[in-house]
>>> print(open('start_5.pdb').read())   # PDB, C-alpha atoms
ATOM      1  CA  MET A   1       6.997  61.290 -43.727
ATOM      2  CA  VAL A   2       8.818  64.187 -42.021
ATOM      3  CA  ALA A   3       8.439  64.275 -38.231
ATOM      4  CA  SER A   4       6.187  67.272 -37.631
ATOM      5  CA  VAL A   5       4.123  66.629 -34.478
ATOM      6  CA  CYS A   6       4.706  67.853 -30.947
ATOM      7  CA  VAL A   7       2.885  65.657 -28.430
ATOM      8  CA  ILE A   8       2.031  67.516 -25.216
ATOM      9  CA  ILE A   9       1.352  65.562 -22.029
ATOM     10  CA  ALA A  10       0.240  67.488 -18.938
ATOM     11  CA  ALA A  11       0.650  65.178 -15.946
ATOM     12  CA  LYS A  12      -0.040  65.304 -12.235
ATOM     13  CA  ASN A  13       0.666  62.278 -10.040
ATOM     14  CA  ALA A  14       0.707  60.002 -13.077
ATOM     15  CA  ALA A  15       3.779  57.907 -12.294
ATOM     16  CA  ASP A  16       1.838  54.679 -12.827
ATOM     17  CA  THR A  17       0.602  55.601 -16.321
ATOM     18  CA  ILE A  18       2.946  58.165 -17.850
ATOM     19  CA  GLY A  19       5.324  55.518 -19.209
ATOM     20  CA  LEU A  20       2.669  54.034 -21.480
ATOM     21  CA  ALA A  21       1.682  57.491 -22.728
ATOM     22  CA  VAL A  22       5.279  58.517 -23.492
ATOM     23  CA  ASN A  23       6.121  55.197 -25.150
ATOM     24  CA  SER A  24       3.069  55.375 -27.404
ATOM     25  CA  ALA A  25       4.000  58.902 -28.521
ATOM     26  CA  LEU A  26       7.679  58.177 -29.172
ATOM     27  CA  ARG A  27       6.708  55.100 -31.196
ATOM     28  CA  GLU A  28       5.118  57.287 -33.892
ATOM     29  CA  LYS A  29       7.553  58.282 -36.646
ATOM     30  CA  GLU A  30       5.692  61.543 -37.295
ATOM     31  CA  VAL A  31       6.455  62.757 -33.755
ATOM     32  CA  ALA A  32       9.279  65.300 -33.570
ATOM     33  CA  GLU A  33       8.859  66.257 -29.909
ATOM     34  CA  VAL A  34       7.209  64.895 -26.778
ATOM     35  CA  VAL A  35       6.859  67.532 -24.059
ATOM     36  CA  VAL A  36       5.801  66.299 -20.635
ATOM     37  CA  ILE A  37       4.813  68.950 -18.094
ATOM     38  CA  ASP A  38       4.925  67.518 -14.585
ATOM     39  CA  ASP A  39       2.302  69.772 -13.006
ATOM     40  CA  GLY A  40       3.317  69.789  -9.351
ATOM     41  CA  SER A  41       3.351  66.019  -8.833
ATOM     42  CA  SER A  42       4.394  64.370  -5.574
ATOM     43  CA  ASP A  43       4.818  60.788  -6.828
ATOM     44  CA  GLY A  44       7.822  60.747  -9.158
ATOM     45  CA  THR A  45       5.930  61.452 -12.375
ATOM     46  CA  ALA A  46       8.881  63.246 -13.973
ATOM     47  CA  ASP A  47      11.272  60.375 -13.244
ATOM     48  CA  ALA A  48       8.770  57.845 -14.614
ATOM     49  CA  ALA A  49       8.453  59.906 -17.801
ATOM     50  CA  ARG A  50      12.224  60.057 -18.252
ATOM     51  CA  ALA A  51      12.455  56.311 -17.708
ATOM     52  CA  ALA A  52      10.322  55.853 -20.844
ATOM     53  CA  ASP A  53      12.756  57.828 -23.024
ATOM     54  CA  ASP A  54      13.953  56.057 -26.173
ATOM     55  CA  ALA A  55      17.218  58.045 -26.380
ATOM     56  CA  SER A  56      16.116  59.697 -29.632
ATOM     57  CA  GLY A  57      16.452  63.182 -28.143
ATOM     58  CA  ARG A  58      12.774  63.944 -28.685
ATOM     59  CA  LEU A  59      11.609  63.852 -25.036
ATOM     60  CA  ASN A  60      11.555  67.010 -22.925
ATOM     61  CA  VAL A  61      10.318  66.759 -19.325
ATOM     62  CA  VAL A  62       9.626  69.991 -17.443
ATOM     63  CA  SER A  63       8.470  70.165 -13.821
ATOM     64  CA  PHE A  64       6.301  72.851 -12.232
ATOM     65  CA  GLU A  65       7.020  73.338  -8.545
ATOM     66  CA  LYS A  66       3.329  73.980  -7.848
ATOM     67  CA  ASN A  67       0.247  72.697  -9.637
ATOM     68  CA  ARG A  68      -0.981  75.215 -12.208
ATOM     69  CA  GLY A  69      -3.621  73.173 -14.012
ATOM     70  CA  PRO A  70      -3.786  71.528 -17.451
ATOM     71  CA  SER A  71      -4.342  74.745 -19.383
ATOM     72  CA  ALA A  72      -1.223  76.424 -18.001
ATOM     73  CA  ALA A  73       0.796  73.233 -18.527
ATOM     74  CA  ARG A  74      -0.286  72.926 -22.150
ATOM     75  CA  ASN A  75       0.302  76.603 -22.862
ATOM     76  CA  HIS A  76       3.829  76.344 -21.483
ATOM     77  CA  ALA A  77       4.501  73.282 -23.614
ATOM     78  CA  ILE A  78       3.289  75.118 -26.706
ATOM     79  CA  GLU A  79       5.638  78.007 -25.982
ATOM     80  CA  ILE A  80       8.769  75.869 -25.478
ATOM     81  CA  SER A  81       8.172  73.584 -28.467
ATOM     82  CA  THR A  82       8.585  74.261 -32.180
ATOM     83  CA  ALA A  83       6.984  71.461 -34.249
ATOM     84  CA  PRO A  84       4.326  72.796 -36.646
ATOM     85  CA  LEU A  85       1.601  70.415 -35.443
ATOM     86  CA  ILE A  86       0.405  70.000 -31.853
ATOM     87  CA  ALA A  87      -1.277  66.930 -30.374
ATOM     88  CA  ILE A  88      -2.592  66.565 -26.826
ATOM     89  CA  LEU A  89      -2.255  63.266 -24.960
ATOM     90  CA  ASP A  90      -3.606  62.795 -21.449
ATOM     91  CA  ALA A  91      -1.132  61.238 -19.028
ATOM     92  CA  ASP A  92      -3.254  58.122 -18.444
ATOM     93  CA  ASP A  93      -4.094  57.515 -22.124
ATOM     94  CA  PHE A  94      -2.145  56.271 -25.154
ATOM     95  CA  PHE A  95      -1.942  56.322 -28.955
ATOM     96  CA  PHE A  96      -2.606  53.236 -31.024
ATOM     97  CA  GLU A  97       0.269  52.545 -33.408
ATOM     98  CA  GLY A  98      -0.002  54.306 -36.754
ATOM     99  CA  ARG A  99      -2.321  57.037 -35.527
ATOM    100  CA  PHE A 100      -0.685  60.025 -37.186
ATOM    101  CA  GLY A 101      -0.127  58.371 -40.546
ATOM    102  CA  ARG A 102      -3.884  58.213 -41.065
ATOM    103  CA  MET A 103      -4.618  61.642 -39.623
ATOM    104  CA  LEU A 104      -1.978  63.455 -41.676
ATOM    105  CA  ALA A 105      -2.650  61.708 -44.993
ATOM    106  CA  GLU A 106      -4.535  64.774 -46.266
ATOM    107  CA  ASP A 107      -3.737  68.451 -45.791
ATOM    108  CA  ASP A 108      -7.206  70.033 -45.922
ATOM    109  CA  TRP A 109      -7.645  70.970 -42.256
ATOM    110  CA  ASP A 110      -6.575  73.264 -39.433
ATOM    111  CA  PHE A 111      -7.666  70.759 -36.790
ATOM    112  CA  VAL A 112      -8.004  67.033 -37.449
ATOM    113  CA  ALA A 113      -9.339  64.477 -34.968
ATOM    114  CA  ASP A 114      -9.877  60.737 -35.062
ATOM    115  CA  ASN A 115     -12.069  58.334 -33.133
ATOM    116  CA  ILE A 116     -11.493  57.467 -29.487
ATOM    117  CA  ALA A 117     -11.616  53.945 -28.066
ATOM    118  CA  PHE A 118     -12.519  53.643 -24.376
ATOM    119  CA  VAL A 119     -10.332  50.952 -22.865
ATOM    120  CA  ASP A 120     -10.772  49.402 -19.417
ATOM    121  CA  SER A 121      -7.569  49.742 -17.426
ATOM    122  CA  GLU A 122      -7.367  45.978 -16.900
ATOM    123  CA  THR A 123      -7.358  45.259 -20.651
ATOM    124  CA  VAL A 124      -4.963  47.909 -22.019
ATOM    125  CA  THR A 125      -2.435  45.347 -23.268
ATOM    126  CA  ARG A 126      -5.119  43.549 -25.304
ATOM    127  CA  ALA A 127      -6.619  46.701 -26.802
ATOM    128  CA  PRO A 128      -4.561  46.794 -30.043
ATOM    129  CA  GLU A 129      -5.829  43.326 -30.986
ATOM    130  CA  GLN A 130      -9.432  44.334 -30.195
ATOM    131  CA  LEU A 131      -9.345  47.563 -32.195
ATOM    132  CA  ASP A 132     -11.910  47.801 -34.994
ATOM    133  CA  ARG A 133     -10.574  49.032 -38.340
ATOM    134  CA  PHE A 134     -13.146  51.618 -39.333
ATOM    135  CA  PRO A 135     -12.835  53.436 -42.669
ATOM    136  CA  ASP A 136     -11.943  57.103 -42.292
ATOM    137  CA  ARG A 137     -15.258  58.482 -43.637
ATOM    138  CA  PRO A 138     -14.109  62.096 -43.094
ATOM    139  CA  LEU A 139     -16.471  64.896 -42.181
ATOM    140  CA  PHE A 140     -16.042  68.540 -41.243
ATOM    141  CA  LEU A 141     -17.554  70.037 -38.106
ATOM    142  CA  ASP A 142     -18.869  73.579 -38.095
ATOM    143  CA  LEU A 143     -19.353  75.528 -34.877
ATOM    144  CA  VAL A 144     -23.019  74.570 -34.448
ATOM    145  CA  ALA A 145     -22.360  70.850 -34.910
ATOM    146  CA  PHE A 146     -19.429  70.948 -32.516
ATOM    147  CA  VAL A 147     -21.219  72.885 -29.785
ATOM    148  CA  ASP A 148     -24.422  70.848 -30.005
ATOM    149  CA  GLY A 149     -22.284  67.707 -29.879
ATOM    150  CA  ASN A 150     -21.040  68.848 -26.474
ATOM    151  CA  ILE A 151     -24.459  69.074 -24.868
ATOM    152  CA  SER A 152     -24.455  65.795 -22.980
ATOM    153  CA  LYS A 153     -27.423  63.487 -22.772
ATOM    154  CA  ARG A 154     -28.401  62.267 -19.330
ATOM    155  CA  GLY A 155     -27.518  58.617 -18.836
ATOM    156  CA  VAL A 156     -24.757  58.622 -21.462
ATOM    157  CA  ARG A 157     -21.239  58.806 -20.037
ATOM    158  CA  ARG A 158     -18.470  60.589 -21.927
ATOM    159  CA  GLY A 159     -20.442  60.982 -25.097
ATOM    160  CA  GLU A 160     -19.526  64.548 -26.003
ATOM    161  CA  ILE A 161     -17.398  65.204 -29.071
ATOM    162  CA  GLY A 162     -15.378  67.672 -27.017
ATOM    163  CA  PHE A 163     -13.474  64.581 -25.857
ATOM    164  CA  LEU A 164     -11.938  64.289 -29.342
ATOM    165  CA  LYS A 165      -8.194  65.005 -29.328
ATOM    166  CA  PRO A 166      -7.407  66.869 -32.566
ATOM    167  CA  VAL A 167      -4.025  67.613 -34.034
ATOM    168  CA  MET A 168      -3.788  71.409 -34.298
ATOM    169  CA  ARG A 169      -1.761  73.607 -36.616
ATOM    170  CA  ARG A 170       0.520  75.855 -34.625
ATOM    171  CA  SER A 171       0.320  78.483 -37.370
ATOM    172  CA  PHE A 172      -3.458  78.730 -36.953
ATOM    173  CA  LEU A 173      -3.220  79.044 -33.169
ATOM    174  CA  ASP A 174      -0.552  81.728 -33.478
ATOM    175  CA  ALA A 175      -2.326  83.660 -36.232
ATOM    176  CA  HIS A 176      -5.468  83.971 -34.089
ATOM    177  CA  LYS A 177      -3.672  84.278 -30.734
ATOM    178  CA  LEU A 178      -5.359  81.144 -29.432
ATOM    179  CA  ARG A 179      -4.242  79.492 -26.215
ATOM    180  CA  TYR A 180      -5.986  77.644 -23.399
ATOM    181  CA  ARG A 181      -7.724  79.756 -20.758
ATOM    182  CA  GLU A 182      -5.573  79.064 -17.728
ATOM    183  CA  GLU A 183      -8.290  79.651 -15.135
ATOM    184  CA  MET A 184     -10.303  76.754 -16.590
ATOM    185  CA  ARG A 185      -9.871  73.176 -15.337
ATOM    186  CA  LEU A 186     -13.016  71.837 -16.995
ATOM    187  CA  GLY A 187     -13.919  72.231 -20.661
ATOM    188  CA  GLU A 188     -10.714  74.062 -21.556
ATOM    189  CA  ASP A 189     -10.474  72.024 -24.765
ATOM    190  CA  TYR A 190     -14.082  72.795 -25.718
ATOM    191  CA  GLU A 191     -13.530  76.505 -25.168
ATOM    192  CA  LEU A 192     -10.385  76.612 -27.307
ATOM    193  CA  TYR A 193     -11.997  74.688 -30.164
ATOM    194  CA  VAL A 194     -15.087  76.919 -30.182
ATOM    195  CA  ARG A 195     -12.930  80.027 -30.471
ATOM    196  CA  ALA A 196     -10.957  78.347 -33.248
ATOM    197  CA  LEU A 197     -14.157  77.514 -35.144
ATOM    198  CA  ALA A 198     -15.390  81.075 -34.618
ATOM    199  CA  ASN A 199     -12.172  82.182 -36.346
ATOM    200  CA  GLY A 200     -12.824  79.961 -39.352
ATOM    201  CA  ALA A 201     -10.934  76.777 -38.444
ATOM    202  CA  ARG A 202     -11.480  73.776 -40.687
ATOM    203  CA  TYR A 203     -12.156  71.003 -38.151
ATOM    204  CA  LYS A 204     -11.939  67.592 -39.804
ATOM    205  CA  VAL A 205     -12.929  64.308 -38.146
ATOM    206  CA  ILE A 206     -12.102  60.815 -39.377
ATOM    207  CA  HIS A 207     -13.746  57.679 -37.986
ATOM    208  CA  SER A 208     -10.649  55.492 -37.864
ATOM    209  CA  CYS A 209      -9.409  55.170 -34.300
ATOM    210  CA  GLY A 210      -5.959  56.068 -33.017
ATOM    211  CA  TYR A 211      -6.525  57.325 -29.464
ATOM    212  CA  GLY A 212      -7.022  55.063 -26.454
ATOM    213  CA  ALA A 213      -8.771  56.647 -23.466
ATOM    214  CA  VAL A 214      -8.247  54.469 -20.421
ATOM    215  CA  VAL A 215     -11.271  54.151 -18.142
ATOM    216  CA  ARG A 216     -10.381  53.883 -14.469
ATOM    217  CA  GLY A 217     -12.610  53.706 -11.443
ATOM    218  CA  ASN A 218     -10.654  56.435  -9.658
ATOM    219  CA  SER A 219     -10.727  58.916 -12.546
ATOM    220  CA  LEU A 220     -11.033  62.560 -11.525
ATOM    221  CA  SER A 221     -12.990  63.480 -14.647
ATOM    222  CA  GLY A 222     -16.350  63.040 -12.918
ATOM    223  CA  SER A 223     -15.456  64.982  -9.744
ATOM    224  CA  HIS A 224     -15.077  68.549 -10.912
ATOM    225  CA  ARG A 225     -15.506  71.382  -8.466
ATOM    226  CA  THR A 226     -18.657  73.459  -8.594
ATOM    227  CA  ASP A 227     -16.548  76.508  -9.388
ATOM    228  CA  ASP A 228     -15.093  74.730 -12.433
ATOM    229  CA  ILE A 229     -18.619  74.301 -13.820
ATOM    230  CA  ARG A 230     -19.313  77.988 -13.252
ATOM    231  CA  LYS A 231     -16.175  78.957 -15.177
ATOM    232  CA  LEU A 232     -17.283  76.798 -18.105
ATOM    233  CA  TYR A 233     -20.608  78.565 -18.603
ATOM    234  CA  GLU A 234     -18.903  81.915 -18.029
ATOM    235  CA  ALA A 235     -16.521  80.969 -20.849
ATOM    236  CA  ASP A 236     -19.540  80.568 -23.142
ATOM    237  CA  ARG A 237     -20.674  84.046 -22.156
ATOM    238  CA  ALA A 238     -17.214  85.425 -22.910
ATOM    239  CA  ILE A 239     -17.296  83.796 -26.359
ATOM    240  CA  LEU A 240     -20.680  85.384 -27.043
ATOM    241  CA  ALA A 241     -19.317  88.775 -26.006
ATOM    242  CA  SER A 242     -15.975  88.651 -27.797
ATOM    243  CA  CYS A 243     -16.345  86.533 -30.955
ATOM    244  CA  LYS A 244     -18.046  87.488 -34.199
ATOM    245  CA  LEU A 245     -20.701  84.770 -34.462
ATOM    246  CA  THR A 246     -23.552  84.198 -36.865
ATOM    247  CA  ALA A 247     -27.036  84.056 -35.375
ATOM    248  CA  GLU A 248     -27.000  80.247 -35.607
ATOM    249  CA  ASP A 249     -23.584  80.009 -33.980
ATOM    250  CA  ALA A 250     -24.619  82.309 -31.142
ATOM    251  CA  ALA A 251     -27.798  80.308 -30.556
ATOM    252  CA  ALA A 252     -25.759  77.108 -30.246
ATOM    253  CA  VAL A 253     -23.375  78.667 -27.718
ATOM    254  CA  ARG A 254     -26.361  79.932 -25.723
ATOM    255  CA  ARG A 255     -27.802  76.410 -25.668
ATOM    256  CA  HIS A 256     -24.544  75.090 -24.279
ATOM    257  CA  GLU A 257     -24.326  77.914 -21.756
ATOM    258  CA  SER A 258     -27.852  77.181 -20.532
ATOM    259  CA  HIS A 259     -27.104  73.458 -20.312
ATOM    260  CA  VAL A 260     -23.946  73.974 -18.237
ATOM    261  CA  ARG A 261     -25.532  76.691 -16.113
ATOM    262  CA  GLY A 262     -28.304  74.241 -15.204
ATOM    263  CA  LYS A 263     -25.667  71.762 -13.996
ATOM    264  CA  TYR A 264     -24.044  74.527 -11.970
ATOM    265  CA  GLU A 265     -27.313  75.614 -10.340
ATOM    266  CA  LEU A 266     -28.105  72.058  -9.243
ATOM    267  CA  ARG A 267     -24.578  71.476  -7.916
ATOM    268  CA  HIS A 268     -24.547  74.830  -6.101
ATOM    269  CA  PHE A 269     -27.944  74.076  -4.524
ATOM    270  CA  LEU A 270     -26.661  70.712  -3.286
ATOM    271  CA  ASP A 271     -23.482  72.355  -1.968
ATOM    272  CA  VAL A 272     -25.537  74.860   0.049
ATOM    273  CA  LYS A 273     -27.716  72.052   1.387
ATOM    274  CA  LYS A 274     -24.693  70.010   2.433
ATOM    275  CA  GLN A 275     -22.856  72.905   4.040
ATOM    276  CA  SER A 276     -25.720  74.876   5.604
ATOM    277  CA  GLY A 277     -28.761  72.623   5.660
ATOM    278  CA  PRO A 278     -32.063  72.262   3.770
ATOM    279  CA  ALA A 279     -33.447  75.606   4.966
ATOM    280  CA  ALA A 280     -30.498  77.510   3.550
ATOM    281  CA  ALA A 281     -30.771  75.598   0.255
ATOM    282  CA  LEU A 282     -34.479  76.425   0.012
ATOM    283  CA  SER A 283     -33.719  80.081   0.715
ATOM    284  CA  TYR A 284     -31.154  80.057  -2.097
ATOM    285  CA  ALA A 285     -33.677  78.582  -4.522
ATOM    286  CA  LEU A 286     -36.366  81.097  -3.553
ATOM    287  CA  ALA A 287     -33.899  83.964  -3.965
ATOM    288  CA  ASN A 288     -32.906  82.662  -7.415
ATOM    289  CA  PRO A 289     -36.165  81.656  -9.139
ATOM    290  CA  GLY A 290     -34.431  81.335 -12.494
ATOM    291  CA  ALA A 291     -32.452  78.420 -11.075
ATOM    292  CA  VAL A 292     -35.494  76.495  -9.827
ATOM    293  CA  PRO A 293     -36.283  74.598 -13.088
ATOM    294  CA  ALA A 294     -32.709  73.295 -13.326
ATOM    295  CA  ILE A 295     -32.659  72.346  -9.642
ATOM    296  CA  ALA A 296     -36.042  70.641  -9.719
ATOM    297  CA  GLY A 297     -35.353  68.878 -13.005
ATOM    298  CA  GLY A 298     -31.954  67.658 -11.843
ATOM    299  CA  ILE A 299     -33.310  66.306  -8.565
ATOM    300  CA  PHE A 300     -36.167  64.562 -10.359
ATOM    301  CA  MET A 301     -33.847  62.892 -12.855
ATOM    302  CA  ASP A 302     -31.475  61.758 -10.105
ATOM    303  CA  LYS A 303     -34.307  60.342  -7.967
ATOM    304  CA  THR A 304     -35.909  58.468 -10.869
ATOM    305  CA  GLU A 305     -32.771  57.235 -12.621
ATOM    306  CA  ARG A 306     -33.049  53.697 -11.206
ATOM    307  CA  PHE A 307     -36.505  53.326 -12.779
ATOM    308  CA  ARG A 308     -35.304  54.145 -16.280
ATOM    309  CA  SER A 309     -33.932  51.672 -18.797
ATOM    310  CA  PRO A 310     -30.354  50.622 -18.026
ATOM    311  CA  GLY A 311     -29.648  50.671 -21.749
ATOM    312  CA  GLY A 312     -28.956  54.413 -21.569
ATOM    313  CA  VAL A 313     -25.666  54.091 -19.722
ATOM    314  CA  GLU A 314     -23.624  52.634 -22.572
ATOM    315  CA  ILE A 315     -20.457  54.578 -23.324
ATOM    316  CA  ALA A 316     -20.660  55.601 -26.960
ATOM    317  CA  THR A 317     -20.741  52.750 -29.528
ATOM    318  CA  ARG A 318     -19.537  49.191 -28.954
ATOM    319  CA  GLY A 319     -17.481  47.746 -31.794
ATOM    320  CA  ALA A 320     -17.158  44.199 -33.033
ATOM    321  CA  GLY A 321     -13.959  43.702 -31.043
ATOM    322  CA  GLY A 322     -15.610  44.640 -27.754
ATOM    323  CA  LEU A 323     -14.100  48.107 -27.380
ATOM    324  CA  ARG A 324     -16.331  51.146 -27.021
ATOM    325  CA  TYR A 325     -15.949  54.150 -29.312
ATOM    326  CA  LEU A 326     -16.846  57.803 -29.095
ATOM    327  CA  LEU A 327     -17.951  58.073 -32.721
ATOM    328  CA  PRO A 328     -20.421  55.607 -34.261
ATOM    329  CA  SER A 329     -19.058  53.214 -36.835
ATOM    330  CA  PRO A 330     -19.792  54.079 -40.474
ATOM    331  CA  ALA A 331     -22.339  51.258 -40.548
ATOM    332  CA  ASP A 332     -24.423  52.807 -37.747
TER     333      ASP A 332
END
>>> encode(input="start_5.pdb", output="structure tokens")
Amino acid sequence: MVASVCVIIAAKNAADTIGLAVNSALREKEVAEVVVIDDGSSDGTADAARAADDASGRLNVVSFEKNRGPSAARNHAIEISTAPLIAILDADDFFFEGRFGRMLAEDDWDFVADNIAFVDSETVTRAPEQLDRFPDRPLFLDLVAFVDGNISKRGVRRGEIGFLKPVMRRSFLDAHKLRYREEMRLGEDYELYVRALANGARYKVIHSCGYGAVVRGNSLSGSHRTDDIRKLYEADRAILASCKLTAEDAAAVRRHESHVRGKYELRHFLDVKKQSGPAAALSYALANPGAVPAIAGGIFMDKTERFRSPGGVEIATRGAGGLRYLLPSPAD
């Protein structure tokens, strides 16, 4: 198979993990380029990435002097690379061997994603032996299915299908002038994929697993700023204003916008309480009555969480080998 994939890795202070990510990308014969963007690191991330080079000439490491965020890093990597297919790899994750052979076996897509295995950081080396071999069982996501699949359920960690890491056709991105919104540091993938689907992208998903997402206790994924949440629901509003959507598509985006806006209202209320005291938080709620249901509901769920069944905190689906997967197995 001709090497046709550019793997983009945006990295900040990832010296301890970037080697595994780079090695797993260079191992794949379909990979023509690996572009690492060191996004203002202070820990030797760029040197660690170069140390993982296999001397094939495929690795390009670029350093930003100041942190610009994952969207800007990925956009820059897209602009300086040329391979016709683009794959995103987080700096603390890895590909299972043979990933792209399965994903690229058919040519009936603009975006194609596979399953994700969640791997505890202490067991990364054992993960390939634990990996379940699910049949592909391909399906195509439309905009409604994708958006509704990103409305998280309380008590379920990392269950949204926005975590999927599709391979994207550069020609489709270029034809529709699609790039990541650089002001976003949360949900930038979701936003790009929704705009792609609004422009008619064929988004294919296979159930076989080729992406390993490493779960660490110090992950930053659960500590987003309140302003990042605001920008996510504002992105939904921008999609509603700028994209030609069917009534069903627009209704789905509004559901997501309402869901994220509720998270923002609760977080903002708690920020006001922490910074200015309970009286100021109460004044904010009274001045914004539309936010009260989200605030009250969020506080109630947080206060009563310990009384609910612990079975709701499972990450996705557990396979026979002990790994946990984003997508259910075909037998489920």
>>> atom_distance(input="start_5.pdb", atom1="atom CA of A:Leu173", atom2="atom CA of A:Glu79")
11.5 Å
>>> atom_distance(input="start_5.pdb", atom1="atom CA of A:Ala77", atom2="atom CA of A:Ile9")
8.5 Å
>>> resolve_selection(input="start_5.pdb", expression="the PyMOL selection byres ((chain A and resi 252) around 9)", output="PDB file with C-alpha atoms, in the frame of the given file")
ATOM      1  CA  LEU A 143     -19.353  75.528 -34.877  1.00  0.00           C
ATOM      2  CA  VAL A 144     -23.019  74.570 -34.448  1.00  0.00           C
ATOM      3  CA  ALA A 145     -22.360  70.850 -34.910  1.00  0.00           C
ATOM      4  CA  VAL A 147     -21.219  72.885 -29.785  1.00  0.00           C
ATOM      5  CA  ASP A 148     -24.422  70.848 -30.005  1.00  0.00           C
ATOM      6  CA  ALA A 247     -27.036  84.056 -35.375  1.00  0.00           C
ATOM      7  CA  GLU A 248     -27.000  80.247 -35.607  1.00  0.00           C
ATOM      8  CA  ASP A 249     -23.584  80.009 -33.980  1.00  0.00           C
ATOM      9  CA  ALA A 250     -24.619  82.309 -31.142  1.00  0.00           C
ATOM     10  CA  ALA A 251     -27.798  80.308 -30.556  1.00  0.00           C
ATOM     11  CA  VAL A 253     -23.375  78.667 -27.718  1.00  0.00           C
ATOM     12  CA  ARG A 254     -26.361  79.932 -25.723  1.00  0.00           C
ATOM     13  CA  ARG A 255     -27.802  76.410 -25.668  1.00  0.00           C
ATOM     14  CA  HIS A 256     -24.544  75.090 -24.279  1.00  0.00           C
ATOM     15  CA  GLU A 257     -24.326  77.914 -21.756  1.00  0.00           C
TER      16      GLU A 257
END
>>> closest_residue(input="start_5.pdb", among="A:Cys243, A:Leu141, A:Cys209, A:Ala11", to="A:Pro70", atoms="all atoms listed in the file")
A:Ala11
>>> axis_aligned_box(input="start_5.pdb", around="stretch 72-88 of chain A", padding_each_side="4 Å", output="JSON")
{"center_x": 3.1, "center_y": 72.3, "center_z": -27.3, "size_x": 19.4, "size_y": 19.4, "size_z": 26.6}
>>> resolve_selection(input="start_5.pdb", expression="the PyMOL selection byres ((chain A and resi 26-42) around 6)", output="PyMOL selection string")
chain A and resi 3-13+23-25+43+46+58-67+73
>>> residues_around(input="start_5.pdb", residues="stretch 180-197 of chain A", least_positions_apart="6", cutoff="8 Å", atoms="all atoms listed in the file", output="list in words")
Gly69, Pro70, Ser71, Ala72, Arg74, Asn75, Asp142, Leu143, Phe146, Val147, Gly162, Leu173, Tyr203, His224, Asp228, Ile229, Lys231, Leu232, Ala235, Asp236, Ile239 and Cys243 of chain A
>>> atom_distance(input="start_5.pdb", atom1="atom CA of A:Asp53", atom2="atom CA of A:Gly210")
21.3 Å
>>> residues_around(input="start_5.pdb", residues="stretch 285-302 of chain A", least_positions_apart="5", cutoff="9 Å", atoms="all atoms listed in the file", output="list in words")
Arg154, His259, Arg261, Gly262, Lys263, Tyr264, Glu265, Leu266, Arg267, Phe269, Leu270 and Ala280 of chain A
>>> closest_residue(input="start_5.pdb", among="A:Arg318, A:Lys204, A:Arg216, A:Arg225", to="A:Asp108", atoms="all atoms listed in the file")
A:Lys204
>>> residues_near_point(input="start_5.pdb", point="(13.0, 56.4, -16.0)", cutoff="12 Å", atoms="all atoms listed in the file", output="ChimeraX atom specification")
/A:15-16,18-20,22-23,44-55,59,61
>>> closest_residue(input="start_5.pdb", among="A:Ala213, A:Ala175, A:Ala198, A:Leu327", to="A:Asp90", atoms="only C-alpha atoms")
A:Ala213
>>> closest_residue(input="start_5.pdb", among="A:Gly149, A:Pro278, A:Pro328, A:Pro166", to="A:Arg137", atoms="only C-alpha atoms")
A:Pro328
>>> residues_near_point(input="start_5.pdb", point="(-15.5, 60.1, -39.6)", cutoff="7 Å", atoms="only C-alpha atoms", output="MDAnalysis selection string")
chainID A and resid 136:139 205:208
>>> write_last_selection(input="start_5.pdb", atoms="C-alpha atoms", output="short mmCIF file (atom, residue, chain, number, x, y, z; two decimals), in the coordinates of the input")
data_model
loop_
_atom_site.label_atom_id
_atom_site.label_comp_id
_atom_site.auth_asym_id
_atom_site.auth_seq_id
_atom_site.Cartn_x
_atom_site.Cartn_y
_atom_site.Cartn_z
CA ASP A 136 -11.94 57.10 -42.29
CA ARG A 137 -15.26 58.48 -43.64
CA PRO A 138 -14.11 62.10 -43.09
CA LEU A 139 -16.47 64.90 -42.18
CA VAL A 205 -12.93 64.31 -38.15
CA ILE A 206 -12.10 60.82 -39.38
CA HIS A 207 -13.75 57.68 -37.99
CA SER A 208 -10.65 55.49 -37.86
#
>>> closest_residue(input="start_5.pdb", among="A:Glu129, A:Tyr233, A:Ala241, A:Lys165", to="A:Ala113", atoms="all atoms listed in the file")
A:Lys165
